[in-house]
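Shown next: structure.txt, given as compact mmCIF, C-alpha atoms.
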# COMPACT_ATOMS: atom_id res chain seq x y z
CA MET A 657 13.61 38.05 -19.48
CA ARG A 658 13.05 37.92 -15.75
CA LEU A 659 15.80 36.82 -13.41
CA LEU A 660 15.86 33.02 -12.89
CA GLU A 661 13.19 32.31 -15.51
CA ILE A 662 14.06 28.92 -17.00
CA THR A 663 13.42 27.72 -20.54
CA TRP A 664 13.17 23.99 -19.92
CA THR A 665 14.45 21.94 -22.84
CA ALA A 666 15.32 18.67 -21.09
CA ASP A 667 14.81 15.54 -23.18
CA PRO A 668 12.52 13.04 -21.39
CA ALA A 669 14.59 10.17 -22.82
CA ILE A 670 17.99 9.17 -21.49
CA PHE A 671 18.70 7.08 -24.61
CA THR A 672 16.92 4.94 -27.19
CA ILE A 673 17.46 1.22 -27.70
CA PHE A 674 15.73 -0.88 -30.36
CA SER A 675 13.51 2.13 -31.15
CA LYS A 676 12.27 2.24 -27.54
CA GLU A 677 13.03 5.22 -25.32
CA ILE A 678 14.43 4.71 -21.84
CA ARG A 679 13.09 7.69 -19.94
CA TRP A 680 14.11 9.55 -16.80
CA TYR A 681 10.63 8.84 -15.44
CA ALA A 682 11.22 5.08 -15.58
CA LEU A 683 14.66 5.51 -14.03
CA ALA A 684 13.09 7.50 -11.19
CA PHE A 685 10.78 4.57 -10.46
CA VAL A 686 13.64 2.08 -10.49
CA ILE A 687 15.92 4.17 -8.27
CA GLY A 688 13.07 4.92 -5.89
CA PHE A 689 12.15 1.29 -5.43
CA ALA A 690 15.80 0.22 -5.07
CA VAL A 691 16.56 2.82 -2.38
CA GLY A 692 13.21 2.16 -0.71
CA TYR A 693 14.01 -1.55 -0.57
CA LYS A 694 17.32 -0.81 1.18
CA ILE A 695 15.57 1.37 3.75
CA VAL A 696 12.97 -1.31 4.45
CA GLN A 697 15.78 -3.86 4.79
CA ARG A 698 17.26 -1.66 7.51
CA MET A 699 13.88 -1.60 9.28
CA TRP A 700 13.69 -5.39 9.11
CA LYS A 701 17.09 -5.64 10.79
CA ASN A 702 16.11 -2.98 13.31
CA GLU A 703 13.06 -5.00 14.44
CA LYS A 704 14.66 -8.42 13.83
CA LEU A 705 11.88 -9.45 11.43
CA ASN A 706 11.64 -12.46 9.14
CA PRO A 707 13.82 -11.68 6.06
CA ALA A 708 11.72 -14.05 3.93
CA TRP A 709 8.95 -11.42 3.92
CA LEU A 710 11.05 -8.78 2.15
CA ASP A 711 10.99 -9.96 -1.46
CA PRO A 712 7.22 -10.66 -1.44
CA LEU A 713 6.68 -7.16 0.01
CA LEU A 714 8.62 -5.64 -2.90
CA PHE A 715 6.63 -7.71 -5.41
CA TYR A 716 3.22 -6.90 -3.92
CA THR A 717 4.05 -3.20 -3.58
CA GLY A 718 5.44 -2.81 -7.10
CA PHE A 719 2.57 -4.72 -8.68
CA GLY A 720 -0.06 -2.83 -6.68
CA THR A 721 1.49 0.55 -7.48
CA ALA A 722 1.66 -0.02 -11.23
CA ILE A 723 -1.82 -1.53 -11.60
CA GLY A 724 -3.48 0.93 -9.22
CA ALA A 725 -1.84 4.02 -10.71
CA ARG A 726 -2.82 3.02 -14.24
CA LEU A 727 -6.41 2.12 -13.36
CA GLY A 728 -6.67 5.29 -11.27
CA HIS A 729 -5.74 7.46 -14.25
CA CYS A 730 -8.09 5.63 -16.59
CA LEU A 731 -11.11 5.48 -14.28
CA PHE A 732 -10.77 8.78 -12.39
CA TYR A 733 -9.85 11.06 -15.28
CA ASP A 734 -11.30 9.60 -18.48
CA PRO A 735 -13.55 6.61 -17.69
CA ALA A 736 -15.79 6.97 -20.76
CA TYR A 737 -12.88 6.61 -23.18
CA TYR A 738 -11.09 3.77 -21.43
CA LEU A 739 -14.22 1.75 -20.67
CA SER A 740 -15.11 1.91 -24.36
CA HIS A 741 -11.49 1.12 -25.36
CA PRO A 742 -10.39 -1.33 -22.62
CA VAL A 743 -7.28 -2.45 -24.53
CA GLU A 744 -5.90 1.09 -24.12
CA ILE A 745 -5.79 0.54 -20.35
CA LEU A 746 -3.00 -1.98 -20.89
CA LYS A 747 -0.76 0.55 -22.68
CA ILE A 748 0.94 1.75 -19.51
CA TRP A 749 4.09 2.61 -21.48
CA GLU A 750 2.22 5.45 -23.20
CA GLY A 751 1.88 7.31 -19.89
CA GLY A 752 -1.06 8.11 -17.68
CA LEU A 753 -0.63 7.24 -14.00
CA ALA A 754 -2.54 8.63 -11.00
CA SER A 755 -0.95 8.74 -7.56
CA HIS A 756 -4.31 8.33 -5.79
CA GLY A 757 -4.91 5.17 -7.78
CA GLY A 758 -1.41 4.00 -6.89
CA VAL A 759 -2.22 4.39 -3.19
CA LEU A 760 -5.44 2.39 -3.58
CA GLY A 761 -3.52 -0.27 -5.49
CA ILE A 762 -0.96 -0.53 -2.70
CA ILE A 763 -3.73 -0.84 -0.10
CA VAL A 764 -5.22 -3.81 -1.97
CA ALA A 765 -1.77 -5.36 -2.46
CA ILE A 766 -0.87 -5.04 1.23
CA TYR A 767 -4.17 -6.67 2.17
CA PHE A 768 -3.04 -9.79 0.32
CA PHE A 769 0.53 -9.49 1.63
CA SER A 770 -0.71 -9.25 5.22
CA ARG A 771 -3.13 -12.12 4.80
CA HIS A 772 -0.88 -14.57 2.93
CA VAL A 773 2.69 -13.63 3.89
CA SER A 774 3.28 -11.70 7.12
CA HIS A 775 0.02 -12.48 8.96
CA ARG A 776 0.45 -9.07 10.62
CA SER A 777 -2.01 -6.17 10.45
CA MET A 778 -2.03 -3.94 7.38
CA LEU A 779 -1.18 -0.93 9.55
CA TRP A 780 1.93 -2.72 10.81
CA THR A 781 3.09 -3.01 7.20
CA PHE A 782 2.06 0.51 6.19
CA ASP A 783 4.04 2.06 9.04
CA LYS A 784 7.17 0.67 7.40
CA LEU A 785 6.21 1.01 3.77
CA VAL A 786 5.40 4.74 3.87
CA VAL A 787 8.79 5.72 5.31
CA PRO A 788 10.67 5.53 1.97
CA THR A 789 7.57 6.39 -0.08
CA GLY A 790 8.15 10.14 0.22
CA LEU A 791 11.53 9.71 -1.47
CA VAL A 792 10.00 7.57 -4.24
CA ALA A 793 7.25 10.16 -4.81
CA ALA A 794 9.81 12.98 -4.99
CA LEU A 795 11.81 11.12 -7.64
CA ILE A 796 8.67 10.43 -9.67
CA ARG A 797 7.76 14.12 -9.64
CA LEU A 798 11.24 14.90 -10.99
CA GLY A 799 10.44 12.37 -13.71
CA ASN A 800 7.31 14.41 -14.46
CA LEU A 801 9.54 17.48 -14.69
CA ALA A 802 11.70 15.72 -17.27
CA ASN A 803 8.52 14.82 -19.19
CA HIS A 804 7.32 18.48 -19.32
CA GLU A 805 4.03 17.40 -17.67
CA ILE A 806 1.82 18.18 -14.68
CA TYR A 807 3.03 21.76 -14.40
CA GLY A 808 1.17 24.77 -13.08
CA HIS A 809 -0.64 27.89 -14.15
CA PRO A 810 1.27 30.87 -15.58
CA THR A 811 3.11 32.87 -12.94
CA ASN A 812 4.87 36.22 -12.57
CA LEU A 813 7.25 34.76 -10.01
CA PRO A 814 10.90 34.89 -11.11
CA TRP A 815 11.41 31.10 -11.15
CA GLY A 816 8.70 30.30 -13.70
CA PHE A 817 9.52 27.48 -16.13
CA ARG A 818 8.75 27.64 -19.85
CA PHE A 819 7.88 24.04 -20.76
CA ILE A 820 7.75 22.54 -24.26
CA GLU A 821 4.08 22.13 -25.17
CA ASN A 822 4.53 20.29 -28.49
CA LEU A 823 6.86 17.65 -27.02
CA TYR A 824 5.76 14.88 -29.40
CA TYR A 825 6.52 16.95 -32.50
CA TRP A 826 9.66 18.53 -30.99
CA LYS A 827 11.06 15.02 -30.49
CA ARG A 828 10.50 14.48 -34.20
CA GLY A 829 12.33 17.59 -35.34
CA ALA A 830 9.78 20.41 -35.06
CA ALA A 831 10.66 23.74 -33.50
CA PRO A 832 9.69 23.87 -29.80
CA VAL A 833 6.54 25.71 -28.73
CA PHE A 834 7.00 26.97 -25.19
CA SER A 835 4.41 27.60 -22.51
CA GLU A 836 4.16 30.86 -20.68
CA PRO A 837 6.38 30.99 -17.57
CA SER A 838 4.53 28.58 -15.27
CA HIS A 839 4.73 27.21 -11.75
CA PRO A 840 7.11 24.21 -11.68
CA THR A 841 4.67 22.33 -9.46
CA GLN A 842 6.64 19.12 -9.97
CA ILE A 843 9.49 20.73 -7.99
CA TYR A 844 7.11 22.07 -5.33
CA GLU A 845 5.73 18.57 -4.77
CA ALA A 846 9.16 16.93 -4.87
CA LEU A 847 10.42 19.28 -2.13
CA CYS A 848 7.35 18.61 0.02
CA TYR A 849 7.76 14.85 -0.39
CA LEU A 850 11.45 15.02 0.55
CA LEU A 851 10.52 16.83 3.77
CA ILE A 852 7.86 14.19 4.48
CA PHE A 853 10.44 11.47 3.82
CA ALA A 854 12.80 13.08 6.36
CA LEU A 855 9.94 13.37 8.90
CA CYS A 856 8.97 9.69 8.51
CA MET A 857 12.61 8.57 8.83
CA TRP A 858 12.89 10.61 12.05
CA LEU A 859 9.62 9.21 13.41
CA TYR A 860 10.68 5.63 12.71
CA PHE A 861 14.37 5.57 13.64
CA LYS A 862 14.63 8.32 16.27
CA LYS A 863 11.21 8.45 17.91
CA GLU A 864 10.40 4.74 17.38
CA SER A 865 6.85 5.72 16.47
CA TRP A 866 6.39 2.33 14.80
CA ARG A 867 5.47 1.09 18.28
CA LYS A 868 2.23 3.11 17.95
CA GLU A 869 0.64 1.10 15.19
CA GLY A 870 -0.74 3.30 12.42
CA PHE A 871 0.84 6.54 13.67
CA ILE A 872 3.53 6.93 10.98
CA PHE A 873 1.05 5.88 8.31
CA GLY A 874 -1.46 8.47 9.51
CA VAL A 875 1.12 11.27 9.63
CA PHE A 876 2.25 10.35 6.12
CA MET A 877 -1.31 10.43 4.76
CA ILE A 878 -2.05 13.81 6.35
CA CYS A 879 1.18 15.42 5.14
CA VAL A 880 1.26 14.03 1.59
CA PHE A 881 -2.34 14.69 0.70
CA THR A 882 -2.51 18.07 2.42
CA ALA A 883 0.51 19.15 0.37
CA ARG A 884 -1.12 17.70 -2.75
CA PHE A 885 -4.42 19.47 -1.98
CA PHE A 886 -2.87 22.94 -1.78
CA ILE A 887 -0.41 22.52 -4.66
CA GLU A 888 -3.34 21.51 -6.88
CA PHE A 889 -4.52 25.15 -6.71
CA LEU A 890 -1.42 26.04 -8.75
CA LYS A 891 -1.71 23.21 -11.27
CA LYS A 892 -3.36 23.15 -14.65
CA ASP A 893 -6.35 20.85 -14.87
CA GLN A 894 -5.46 17.44 -16.28
CA GLU A 895 -8.84 17.01 -17.95
CA ALA A 896 -11.30 19.51 -19.43
CA PHE A 897 -14.18 18.50 -17.14
CA GLU A 898 -12.26 19.78 -14.11
CA ALA A 899 -12.68 23.41 -15.24
CA SER A 900 -16.28 23.41 -13.99
CA MET A 901 -15.37 21.98 -10.57
CA ALA A 902 -14.82 24.08 -7.44
CA LEU A 903 -12.09 21.60 -6.47
CA ASN A 904 -10.32 19.56 -9.11
CA MET A 905 -10.22 15.77 -9.18
CA GLY A 906 -6.87 15.59 -7.38
CA GLN A 907 -8.22 17.68 -4.50
CA CYS A 908 -11.48 15.73 -4.24
CA LEU A 909 -9.53 12.49 -4.09
CA SER A 910 -7.11 13.89 -1.48
CA ILE A 911 -9.75 14.78 1.12
CA PRO A 912 -10.69 11.15 2.07
CA PHE A 913 -6.99 10.28 2.47
CA ILE A 914 -6.43 13.28 4.77
CA LEU A 915 -9.42 12.31 6.92
CA ALA A 916 -8.21 8.70 7.04
CA GLY A 917 -4.80 9.93 8.17
CA VAL A 918 -6.35 11.96 11.01
CA PHE A 919 -8.29 8.90 12.12
CA PHE A 920 -5.22 6.64 12.16
CA VAL A 921 -3.17 9.17 14.15
CA TRP A 922 -6.00 9.54 16.67
CA ARG A 923 -6.37 5.75 16.88
CA ALA A 924 -2.62 5.23 17.39
CA VAL A 925 -2.43 7.82 20.16
CA LYS A 926 -5.39 6.24 21.99
CA LYS A 927 -4.10 2.65 21.78
CA LYS A 928 -1.32 1.07 23.82
CA PRO A 929 2.06 0.86 22.05
CA VAL A 930 2.91 -2.32 20.17
CA HIS A 931 5.36 -4.52 22.07
CA SER A 932 8.43 -5.93 20.38
CA SER A 933 11.36 -8.14 21.20
CA LYS A 934 13.51 -5.08 20.54
CA PRO A 935 13.71 -2.92 23.70
CA SER A 936 12.70 0.73 23.34
CA ARG A 937 15.10 3.60 24.01
CA ASN A 938 13.37 4.28 27.33
CA GLU A 939 13.78 0.67 28.39
CA LYS A 940 17.47 0.78 27.49
CA ASN A 941 17.95 3.94 29.51
CA ARG A 942 16.36 2.35 32.58
CA LYS A 943 18.85 -0.54 32.51
Structure rendered as structure tokens:
Amino acid sequence: MRLLEITWTADPAIFTIFSKEIRWYALAFVIGFAVGYKIVQRMWKNEKLNPAWLDPLLFYTGFGTAIGARLGHCLFYDPAYYLSHPVEILKIWEGGLASHGGVLGIIVAIYFFSRHVSHRSMLWTFDKLVVPTGLVAALIRLGNLANHEIYGHPTNLPWGFRFIENLYYWKRGAAPVFSEPSHPTQIYEALCYLLIFALCMWLYFKKESWRKEGFIFGVFMICVFTARFFIEFLKKDQEAFEASMALNMGQCLSIPFILAGVFFVWRAVKKKPVHSSKPSRNEKNRK
């Protein structure tokens, strides 16, 4: 056995209650949203914003993420099956979420939040919302690791993971069938997202880039989907039809988000900074 090669035998479930499994993946979502909420609370205090907007923002974001991610998986990766079995779309507990769909769901949700709650621009909201999103995404990828899913092609690198391929039957007492040592792409993505989270925190709290409306959002889009684009080269295809594609579905869906990010950064740099009742660091230094 090669040095550092890992035979991954983690159980996706933390415990079972009333015959229902409580999984690490679900816990990752809960922790991510809880920590993200605390970070956004800090932003609200930083800019002296209306606290009554916070709970609706959490509701809209959570609802948009769940609905968008589920519909994204169903319609991007296997539309023929799900359109002919629409009830299956509702079975979100059986797995099948797509991050690109989650982003689209959040965009729709924030449209309604901006129109009916904050009456601020969508970019104003996104500049705040994306700051903790990198942390949430990293935790979700660790949930994928616990689920033995979304891993990469076989590798000769010393840190290859051997994942359980017959997870369903292993959970019911069968002997495990392991993959070849493969890229732990869940960890690669999680590390990238943690770096992006640190960058967005720095841009917001240290550089006060929220004054350039859309800048933090644009940087986030460029970084997240560029990382996703290149890591996809190491991943196994999620669906059989992707084998005939020069770029897989995840890469094709990432390109528009990268281009949108470039546009929003360019737009933010060209526009005048947003004014706020909170003085900037430069204004404080001049006093």
With all atoms listed in the file as the atoms that count, which of A:Phe876, A:Phe897, A:Tyr767, A:Phe819 lies nearest to Ile662 in chain A?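 The answer is A:Phe819, which sits nearest to Ile662 in chain A.
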Once you count only C-alpha atoms, what closest atom pair and distance in Å to one decimal does each residue of range 759-838 of chain A within 10 Å of range 848-851 of chain A have, with rows by chain and rising residue number, as JSON lines?
{"residue": "A:Pro788", "atom": "CA", "partner": "A:Leu850", "partner_atom": "CA", "distance": 9.6}
{"residue": "A:Thr789", "atom": "CA", "partner": "A:Tyr849", "partner_atom": "CA", "distance": 8.5}
{"residue": "A:Gly790", "atom": "CA", "partner": "A:Tyr849", "partner_atom": "CA", "distance": 4.8}
{"residue": "A:Leu791", "atom": "CA", "partner": "A:Leu850", "partner_atom": "CA", "distance": 5.7}
{"residue": "A:Val792", "atom": "CA", "partner": "A:Tyr849", "partner_atom": "CA", "distance": 8.5}
{"residue": "A:Ala793", "atom": "CA", "partner": "A:Tyr849", "partner_atom": "CA", "distance": 6.5}
{"residue": "A:Ala794", "atom": "CA", "partner": "A:Tyr849", "partner_atom": "CA", "distance": 5.4}
{"residue": "A:Leu795", "atom": "CA", "partner": "A:Leu850", "partner_atom": "CA", "distance": 9.1}
{"residue": "A:Arg797", "atom": "CA", "partner": "A:Tyr849", "partner_atom": "CA", "distance": 9.3}
Could you take the residues named above and write them with C-alpha atoms, as a tab-separated table (two decimals), keeping the file's coordinate frame?
chain	number	residue	atom	x	y	z
A	788	PRO	CA	10.67	5.53	1.97
A	789	THR	CA	7.57	6.39	-0.08
A	790	GLY	CA	8.15	10.14	0.22
A	791	LEU	CA	11.53	9.71	-1.47
A	792	VAL	CA	10.00	7.57	-4.24
A	793	ALA	CA	7.25	10.16	-4.81
A	794	ALA	CA	9.81	12.98	-4.99
A	795	LEU	CA	11.81	11.12	-7.64
A	797	ARG	CA	7.76	14.12	-9.64
Close residues, Met877 in chain A itself excluded, 9 Å, only C-alpha atoms, min 2 positions apart in chain, as a ChimeraX atom specification
/A:786,872-875,879-882,913-918
Separating CA of Ala722 in chain A from CA of Val764 in chain A, to the nearest tenth of an Å, is a gap of 12.1 Å
Among listed residues A:Ala802, A:Ile878, A:Leu847, A:Ala831, nearest Val921 in chain A (using only C-alpha atoms):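 Once distances to Val921 in chain A are computed over only C-alpha atoms, the minimum belongs to A:Ile878.
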- Message: Which residues are near Ile695 in chain A? Cut-off 9 Å, all atoms listed in the file, ignore same chain within fewer than 5 positions. Put them as a list in words.
- Response: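 In the requested form, the answer reads Ala690, Trp700, Val787 and Pro788 of chain A.
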Kindly output range 721-751 of chain A as a PDB file, in the frame of the given file, after building N, CA and C atoms.
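Below is the file that was written, result-v7.pdb:
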ATOM      1  N   THR A 721       1.278  -0.831  -7.055  1.00  0.00           N
ATOM      2  CA  THR A 721       1.490   0.550  -7.480  1.00  0.00           C
ATOM      3  C   THR A 721       1.219   0.718  -8.964  1.00  0.00           C
ATOM      4  N   ALA A 722       1.803  -0.141  -9.777  1.00  0.00           N
ATOM      5  CA  ALA A 722       1.660  -0.020 -11.230  1.00  0.00           C
ATOM      6  C   ALA A 722       0.204  -0.204 -11.678  1.00  0.00           C
ATOM      7  N   ILE A 723      -0.447  -1.262 -11.186  1.00  0.00           N
ATOM      8  CA  ILE A 723      -1.820  -1.530 -11.600  1.00  0.00           C
ATOM      9  C   ILE A 723      -2.764  -0.448 -11.083  1.00  0.00           C
ATOM     10  N   GLY A 724      -2.599  -0.072  -9.809  1.00  0.00           N
ATOM     11  CA  GLY A 724      -3.480   0.930  -9.220  1.00  0.00           C
ATOM     12  C   GLY A 724      -3.325   2.296  -9.862  1.00  0.00           C
ATOM     13  N   ALA A 725      -2.080   2.712 -10.117  1.00  0.00           N
ATOM     14  CA  ALA A 725      -1.840   4.020 -10.710  1.00  0.00           C
ATOM     15  C   ALA A 725      -2.417   4.109 -12.117  1.00  0.00           C
ATOM     16  N   ARG A 726      -2.279   3.017 -12.878  1.00  0.00           N
ATOM     17  CA  ARG A 726      -2.820   3.020 -14.240  1.00  0.00           C
ATOM     18  C   ARG A 726      -4.347   3.029 -14.227  1.00  0.00           C
ATOM     19  N   LEU A 727      -4.954   2.159 -13.428  1.00  0.00           N
ATOM     20  CA  LEU A 727      -6.410   2.120 -13.360  1.00  0.00           C
ATOM     21  C   LEU A 727      -6.963   3.423 -12.794  1.00  0.00           C
ATOM     22  N   GLY A 728      -6.235   4.023 -11.831  1.00  0.00           N
ATOM     23  CA  GLY A 728      -6.670   5.290 -11.270  1.00  0.00           C
ATOM     24  C   GLY A 728      -6.750   6.374 -12.321  1.00  0.00           C
ATOM     25  N   HIS A 729      -5.719   6.460 -13.164  1.00  0.00           N
ATOM     26  CA  HIS A 729      -5.740   7.460 -14.250  1.00  0.00           C
ATOM     27  C   HIS A 729      -6.899   7.207 -15.200  1.00  0.00           C
ATOM     28  N   CYS A 730      -7.068   5.960 -15.601  1.00  0.00           N
ATOM     29  CA  CYS A 730      -8.090   5.630 -16.590  1.00  0.00           C
ATOM     30  C   CYS A 730      -9.504   5.851 -16.060  1.00  0.00           C
ATOM     31  N   LEU A 731      -9.749   5.455 -14.818  1.00  0.00           N
ATOM     32  CA  LEU A 731     -11.110   5.480 -14.280  1.00  0.00           C
ATOM     33  C   LEU A 731     -11.465   6.788 -13.588  1.00  0.00           C
ATOM     34  N   PHE A 732     -10.476   7.511 -13.044  1.00  0.00           N
ATOM     35  CA  PHE A 732     -10.770   8.780 -12.390  1.00  0.00           C
ATOM     36  C   PHE A 732     -10.847   9.931 -13.403  1.00  0.00           C
ATOM     37  N   TYR A 733      -9.993   9.889 -14.426  1.00  0.00           N
ATOM     38  CA  TYR A 733      -9.850  11.060 -15.280  1.00  0.00           C
ATOM     39  C   TYR A 733     -10.499  10.932 -16.657  1.00  0.00           C
ATOM     40  N   ASP A 734     -10.663   9.748 -17.166  1.00  0.00           N
ATOM     41  CA  ASP A 734     -11.300   9.600 -18.480  1.00  0.00           C
ATOM     42  C   ASP A 734     -11.984   8.237 -18.601  1.00  0.00           C
ATOM     43  N   PRO A 735     -12.946   7.944 -17.708  1.00  0.00           N
ATOM     44  CA  PRO A 735     -13.550   6.610 -17.690  1.00  0.00           C
ATOM     45  C   PRO A 735     -14.316   6.276 -18.969  1.00  0.00           C
ATOM     46  N   ALA A 736     -14.978   7.258 -19.567  1.00  0.00           N
ATOM     47  CA  ALA A 736     -15.790   6.970 -20.760  1.00  0.00           C
ATOM     48  C   ALA A 736     -14.921   6.427 -21.885  1.00  0.00           C
ATOM     49  N   TYR A 737     -13.765   7.060 -22.094  1.00  0.00           N
ATOM     50  CA  TYR A 737     -12.880   6.610 -23.180  1.00  0.00           C
ATOM     51  C   TYR A 737     -12.329   5.223 -22.899  1.00  0.00           C
ATOM     52  N   TYR A 738     -11.782   5.033 -21.707  1.00  0.00           N
ATOM     53  CA  TYR A 738     -11.090   3.770 -21.430  1.00  0.00           C
ATOM     54  C   TYR A 738     -12.051   2.597 -21.270  1.00  0.00           C
ATOM     55  N   LEU A 739     -13.256   2.848 -20.775  1.00  0.00           N
ATOM     56  CA  LEU A 739     -14.220   1.750 -20.670  1.00  0.00           C
ATOM     57  C   LEU A 739     -14.727   1.329 -22.044  1.00  0.00           C
ATOM     58  N   SER A 740     -14.708   2.268 -22.990  1.00  0.00           N
ATOM     59  CA  SER A 740     -15.110   1.910 -24.360  1.00  0.00           C
ATOM     60  C   SER A 740     -13.938   1.412 -25.194  1.00  0.00           C
ATOM     61  N   HIS A 741     -12.699   1.625 -24.697  1.00  0.00           N
ATOM     62  CA  HIS A 741     -11.490   1.120 -25.360  1.00  0.00           C
ATOM     63  C   HIS A 741     -10.617   0.415 -24.313  1.00  0.00           C
ATOM     64  N   PRO A 742     -11.083  -0.701 -23.766  1.00  0.00           N
ATOM     65  CA  PRO A 742     -10.390  -1.330 -22.620  1.00  0.00           C
ATOM     66  C   PRO A 742      -8.955  -1.753 -22.926  1.00  0.00           C
ATOM     67  N   VAL A 743      -8.643  -2.044 -24.188  1.00  0.00           N
ATOM     68  CA  VAL A 743      -7.280  -2.450 -24.530  1.00  0.00           C
ATOM     69  C   VAL A 743      -6.300  -1.318 -24.248  1.00  0.00           C
ATOM     70  N   GLU A 744      -6.765  -0.069 -24.367  1.00  0.00           N
ATOM     71  CA  GLU A 744      -5.900   1.090 -24.120  1.00  0.00           C
ATOM     72  C   GLU A 744      -5.429   1.143 -22.668  1.00  0.00           C
ATOM     73  N   ILE A 745      -6.184   0.551 -21.769  1.00  0.00           N
ATOM     74  CA  ILE A 745      -5.790   0.540 -20.350  1.00  0.00           C
ATOM     75  C   ILE A 745      -4.461  -0.177 -20.181  1.00  0.00           C
ATOM     76  N   LEU A 746      -4.218  -1.178 -21.009  1.00  0.00           N
ATOM     77  CA  LEU A 746      -3.000  -1.980 -20.890  1.00  0.00           C
ATOM     78  C   LEU A 746      -1.749  -1.233 -21.351  1.00  0.00           C
ATOM     79  N   LYS A 747      -1.901  -0.159 -22.097  1.00  0.00           N
ATOM     80  CA  LYS A 747      -0.760   0.550 -22.680  1.00  0.00           C
ATOM     81  C   LYS A 747      -0.138   1.516 -21.671  1.00  0.00           C
ATOM     82  N   ILE A 748       0.372   0.963 -20.594  1.00  0.00           N
ATOM     83  CA  ILE A 748       0.940   1.750 -19.510  1.00  0.00           C
ATOM     84  C   ILE A 748       2.192   2.498 -19.964  1.00  0.00           C
ATOM     85  N   TRP A 749       2.866   1.975 -20.994  1.00  0.00           N
ATOM     86  CA  TRP A 749       4.090   2.610 -21.480  1.00  0.00           C
ATOM     87  C   TRP A 749       3.810   3.948 -22.188  1.00  0.00           C
ATOM     88  N   GLU A 750       2.561   4.193 -22.544  1.00  0.00           N
ATOM     89  CA  GLU A 750       2.220   5.450 -23.200  1.00  0.00           C
ATOM     90  C   GLU A 750       1.968   6.576 -22.199  1.00  0.00           C
ATOM     91  N   GLY A 751       2.079   6.283 -20.915  1.00  0.00           N
ATOM     92  CA  GLY A 751       1.880   7.310 -19.890  1.00  0.00           C
ATOM     93  C   GLY A 751       0.462   7.303 -19.374  1.00  0.00           C
TER      94      GLY A 751
END
